[in-house]
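Trainee: Dumping the structure here so I can ask a few things about it.
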Amino acid sequence: MSTAWLIARDELRMMVRNRLAMIGMGLLLLLTLTAVVSAWAHQRGIAELRARHAQAAEAAFDAQPDRHPHRMVHYGTFIFRPLGPLAAFDPGVDAFTGNSMFLEGHRQNTANFGDVRQSSLLIRFGQLTPAFVLQVIAPLLLIFLGYGVLARETEQGTLRVLMLQGARRWQVVGGKLLALGLVALIAGAPAMIGLVAMARQPGALTLPMLAIAAGYAAYLALWTILIVVVSGFVRRGRDALLALTALWTVSTILLPRAAADLASAAVPLANRLQSDVAIARDLRAMGDSHNPDDPHFAAFKQSVLDRHGVSRVEDLPLNYKGIVAIEGERMTSSLFNRYAAASHAAQARQNAYVDRIGLLSPAIALRSLSMAAAGTDLEGHRRFLDQAEAYRYALVQRLNAMQAQAVRFADDTATDADADRRKRVSASHWQAAPDFRFVAPDGATLAGAALPGLAVVLGWLVLALAALGLVTRRLGARR
C-alpha cells in the first residue's frame with residue numbers, strides 16, 4: 001500500500017472520529033438530497049402549471065366568437081415560458097424575470113409573475129437547489145473538515161516525524177489531498193446523481209449536462225486544493241480556518257453581490273416607468289393614424305392610392321383601415337424593438353462587467369457556467385422575449401391583414417344598426433392561427449455558452465495547482 005494512501009486513510013479515520021465533522025457531512029448530504037428532490041418537484045410542478053395555463057389561454061383565444069379582427073388584436077392572449085429539464089438543477093434568473101406575457105396589439109409587454117414577487121425575501125439570498133448547495137455550502141463544509149490537514153501536522157510537530165519515517169513531501173500532500181478529495185466527491189455525489197436523473201427527462205441534452213458536471217467537479221477540486229494550500233502555508237490550524245473562511249466569504253458572498261451593484265452603477269439601466277415615458281413621447285412624434293392631417297399618414301395614404309391607381313380610399317381593393325393598422329403596427333413595433341434592443345444591450349454590458357469581476361471569483365464564473373448550460377441565464381430569458389415578440393407581431397399583423405382583406409371599408413365605416421354584424425369575420429380564422437411554441441436551443445449552443453465560465457474555473461484550478469506545488473516544495477522547512 002502506498003504511503004500517500006496510508007496518510008489519506010489516517011486522515012479519513014481522524015475525520016470519522018470527529019463527531020462534528022460527521023454531523024456536518026450528514027447534514028450536507030441530507031440538504032443536497034432535499035434540494036434535489038424539492039427542486040425537481042418544484043420544476044415539474046411549475047412546468048405542468050405553465051402548460052395548463054398555456055392550454056387554457058389558447059383555448060380561450062380559439063373560443064372567441066365571430067367578431068371584428070381588430071377586436072381580437074386587443075383581446076390578445078397569454079403565453080408562458082417553458083422550463084428545460086436542467087432548470088431544476090439551476091433555475092437561474094427565472095424567479096426574477098417573470099414567466100408569462102400578455103400579447104396584444106400596439107404594445108410590447110414585459111414578463112410578469114416572477115416567484116420573487118410572490119415569495120419571502122429569503123429567495124433573494126438563494127433558492128435551495130443543488131446548484132446553490134454546491135456553490136455555497138459544500139465549500140464551507142470542506143473548509144471546516146480540511147483546514148487543519150497540514151497546519152495541524154506542523155502545529156503538533158508530527159510532520160517532521162512523518163518525513164523522518166521516510167514519507168516524502170509530495171506523498172504527505174498527496175495523501176491529505178486524496179482524503180479531502182474523497183470527502184468532496186461524497187459531498188457532490190448526490191447532486192451529480194440528481195443531475196443525471198434530471199438529464200434523463202424528455203428534452204434533456206447531454207452536452208449541457210456534461211458542461212455542468214465538469215464545472216462543478218472542477219470547482220470542488222479547486223476548493224480542495226485551496227484548502228490544502230492554505231493549510232500548508234500557515235503554521236496553525238486556527239490561522240488556516242480564519243484565512244479560508246475569509247476567502248469563502250469574499251469569493252462566494254461579497255464579490256457576487258458587489259459585482260451586481262458595481263455593474264448597475266457602471267451601466268445604468270432605465271426602469272419600466274422611464275422606458276414607458278420615453279416610448280409614449282416617441283409614439284406621439286411618429287404620427288397619429290386617426291388624424292387626417294398627420295404628415296406621415298397623409299403621405300402614406302397618398303402612396304397607397306398611387307400604388308393602386310385610385311383617388312379615393314373607398315375605391316381601393318382592400319380595406320384602408322386594415323392597411324393603416326398594418327402600417328401602424330409596423331411603426332410601433334420597430335420603436336418597441338429599438339428600446340428593447342437598447343435595454344438588452346445595457347444588460348449585456350452589465351453581464352460583461354460582472355464576468356470581468358468574475359475573474360476574481362470562481363463562484364461567479366461557476367454560476368455563469370451553470371445558468372448558461374441550464375438555459376436559465378439572462379440570454380435564455382432574452383431568447384424567450386425575442387420569440388414572444390416575433391409571435392406577437394406575426395399574430396397581430398395576421399389579424400390586421402384579415403381586416404384589410406375580409407372586411408369591406410364601407411362596412412368598417414358604416415354606422416347603421418346592421419353594420420356591426422357585417423364587420424365580423426368567422427371565428428375559424430383565429431382558430432387557424434398557430435399557437436406559440438418556444439424553440440429551445442440545441443445542446444451545442446448551451447454548452448458553448450458555458451465555456452467562458454468553465455475556462456475561468458479551470459484557470460483558477462491551474463493556479464491552485466501551481467500554488468500546491470510551491471507548498472509541497474517548502475513543506476517541512478524551518479519557519
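Ligands are numbered from 1 in the order shown, residues from 1 within each chain, and chains are lettered A, B, ... in the order they appear in the C-alpha cells.
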Write out as a PyMOL selection string each polymer residue whose atoms come within 12 Å of Leu470 in chain A, counting only C-alpha atoms; drop sequence neighbours fewer than 3 positions from it.
Mentor: chain A and resi 169-170+173+228-230+232-233+463-467+473-475
Trainee: What does the file look like for those residues with N, CA and C atoms, as an mmCIF file, in the first residue's frame?
Mentor:
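Contents of the output file out-v9.cif:
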data_model
loop_
_atom_site.group_PDB
_atom_site.id
_atom_site.type_symbol
_atom_site.label_atom_id
_atom_site.label_comp_id
_atom_site.auth_asym_id
_atom_site.auth_seq_id
_atom_site.Cartn_x
_atom_site.Cartn_y
_atom_site.Cartn_z
ATOM 1 N N ARG A 169 7.642 14.718 0.736
ATOM 2 C CA ARG A 169 6.720 15.855 0.786
ATOM 3 C C ARG A 169 5.495 15.625 -0.091
ATOM 4 N N TRP A 170 5.710 15.193 -1.319
ATOM 5 C CA TRP A 170 4.589 15.033 -2.237
ATOM 6 C C TRP A 170 3.663 13.913 -1.779
ATOM 7 N N VAL A 173 1.485 15.579 1.044
ATOM 8 C CA VAL A 173 0.492 16.472 0.434
ATOM 9 C C VAL A 173 -0.517 15.663 -0.385
ATOM 10 N N VAL A 228 -5.903 22.750 1.060
ATOM 11 C CA VAL A 228 -4.608 22.137 1.348
ATOM 12 C C VAL A 228 -3.492 23.178 1.229
ATOM 13 N N VAL A 229 -3.598 24.053 0.232
ATOM 14 C CA VAL A 229 -2.572 25.085 0.038
ATOM 15 C C VAL A 229 -2.505 26.017 1.242
ATOM 16 N N VAL A 230 -3.663 26.544 1.655
ATOM 17 C CA VAL A 230 -3.685 27.474 2.785
ATOM 18 C C VAL A 230 -3.244 26.770 4.063
ATOM 19 N N GLY A 232 -1.181 24.444 4.274
ATOM 20 C CA GLY A 232 0.258 24.232 4.210
ATOM 21 C C GLY A 232 1.068 25.499 4.363
ATOM 22 N N PHE A 233 0.478 26.648 4.063
ATOM 23 C CA PHE A 233 1.196 27.909 4.146
ATOM 24 C C PHE A 233 1.310 28.427 5.579
ATOM 25 N N LEU A 463 -3.981 27.669 -11.384
ATOM 26 C CA LEU A 463 -3.252 28.499 -10.420
ATOM 27 C C LEU A 463 -3.152 27.807 -9.061
ATOM 28 N N ALA A 464 -4.229 27.153 -8.672
ATOM 29 C CA ALA A 464 -4.209 26.447 -7.393
ATOM 30 C C ALA A 464 -3.211 25.295 -7.415
ATOM 31 N N LEU A 465 -3.122 24.593 -8.533
ATOM 32 C CA LEU A 465 -2.149 23.505 -8.648
ATOM 33 C C LEU A 465 -0.719 24.042 -8.586
ATOM 34 N N ALA A 466 -0.501 25.216 -9.191
ATOM 35 C CA ALA A 466 0.837 25.823 -9.108
ATOM 36 C C ALA A 466 1.173 26.190 -7.667
ATOM 37 N N ALA A 467 0.182 26.746 -6.954
ATOM 38 C CA ALA A 467 0.410 27.071 -5.543
ATOM 39 C C ALA A 467 0.637 25.811 -4.719
ATOM 40 N N ARG A 473 6.976 22.021 -2.110
ATOM 41 C CA ARG A 473 8.426 22.186 -2.082
ATOM 42 C C ARG A 473 8.920 22.768 -0.761
ATOM 43 N N ARG A 474 8.127 23.619 -0.142
ATOM 44 C CA ARG A 474 8.575 24.264 1.086
ATOM 45 C C ARG A 474 8.037 23.572 2.339
ATOM 46 N N LEU A 475 7.322 22.472 2.169
ATOM 47 C CA LEU A 475 6.740 21.772 3.309
ATOM 48 C C LEU A 475 7.836 21.240 4.230
#
Trainee: Check which residues of range 255-332 of chain A sit at most 9 Å from range 337-342 of chain A using only C-alpha atoms, and return one row each with the closest pair of atoms and their distance in Å to one decimal, ordered by chain and rising number, as a Markdown table.
Mentor:
| residue | atom | partner | partner_atom | distance |
| --- | --- | --- | --- | --- |
| A:Ser275 | CA | A:Tyr339 | CA | 7.6 |
| A:Ile279 | CA | A:Tyr339 | CA | 7.9 |
| A:Thr332 | CA | A:Asn337 | CA | 8.5 |
Trainee: Nearest to Tyr320 in chain A among A:His381, A:Lys301, A:Arg50, A:Arg107, with distances taken over only C-alpha atoms: which residue is it?
Mentor: A:Lys301
Trainee: Which residue gives the smallest distance to Met286 in chain A among A:Glu327, A:Asp418, A:Asp435, A:Asp412, with only C-alpha atoms counted?
Mentor: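 Comparing A:Glu327, A:Asp418, A:Asp435, A:Asp412 against Met286 in chain A, the winner is A:Glu327.
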Trainee: Could you give me, as JSON lines, a per-residue list for range 323-411 of chain A showing, wherever an atom lies at most 12 Å from an atom of range 193-199 of chain A, the closest pair of atoms and their distance in Å to one decimal, using only C-alpha atoms and sorting by chain then residue number from low to high?
Mentor:
{"residue": "A:Ser370", "atom": "CA", "partner": "A:Leu195", "partner_atom": "CA", "distance": 11.7}
{"residue": "A:Ala373", "atom": "CA", "partner": "A:Ala199", "partner_atom": "CA", "distance": 11.9}
{"residue": "A:Ala374", "atom": "CA", "partner": "A:Ala199", "partner_atom": "CA", "distance": 10.3}
Trainee: For Arg383 in chain A, which residue out of A:Ser100, A:Asp282, A:Arg81, A:Thr472 is the nearest one, using only C-alpha atoms?
Mentor: A:Arg81
Trainee: Just want the 12 Å neighbourhood of Asn109 in chain A, counted on only C-alpha atoms, with same-chain residues fewer than 6 positions away dropped. Output as a tab-separated table (two decimals) with C-alpha atoms, in the first residue's frame.
Mentor:
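And here is the file that came out, out.tsv:
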chain	number	residue	atom	x	y	z
A	76	GLY	CA	-54.77	39.31	-27.07
A	77	THR	CA	-53.53	36.14	-25.44
A	78	PHE	CA	-51.19	34.91	-22.71
A	79	ILE	CA	-48.08	32.84	-23.31
A	98	GLY	CA	-41.20	36.51	-14.70
A	100	SER	CA	-45.71	34.83	-18.53
A	101	MET	CA	-46.51	37.56	-21.03
A	102	PHE	CA	-49.69	39.12	-22.33
A	103	LEU	CA	-49.50	39.64	-26.08
A	272	ARG	CA	-40.04	50.50	-16.65
A	275	SER	CA	-38.99	53.49	-20.72
A	276	ASP	CA	-42.78	53.91	-20.91
A	333	SER	CA	-43.17	47.50	-33.22
A	336	PHE	CA	-40.58	48.89	-29.22
A	337	ASN	CA	-37.83	46.73	-30.68
A	340	ALA	CA	-35.88	46.56	-26.19
A	385	LEU	CA	-38.67	37.50	-25.21
A	386	ASP	CA	-37.44	37.60	-28.81
A	388	ALA	CA	-42.56	36.01	-27.98
A	389	GLU	CA	-42.27	39.35	-29.78
A	392	ARG	CA	-46.94	38.65	-31.23
Trainee: Between CA of Thr413 in chain A and CA of His68 in chain A, what is the spacing in Å?
Mentor: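 Distance reported for this atom pair: 12.4 Å.
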Trainee: Which neighbours of Ala184 in chain A fall inside 7 Å, counting only C-alpha atoms, when residues of the same chain fewer than 4 positions from it are skipped, and could you give them as number ranges by chain?
Mentor: A: 142, 180, 188, 220
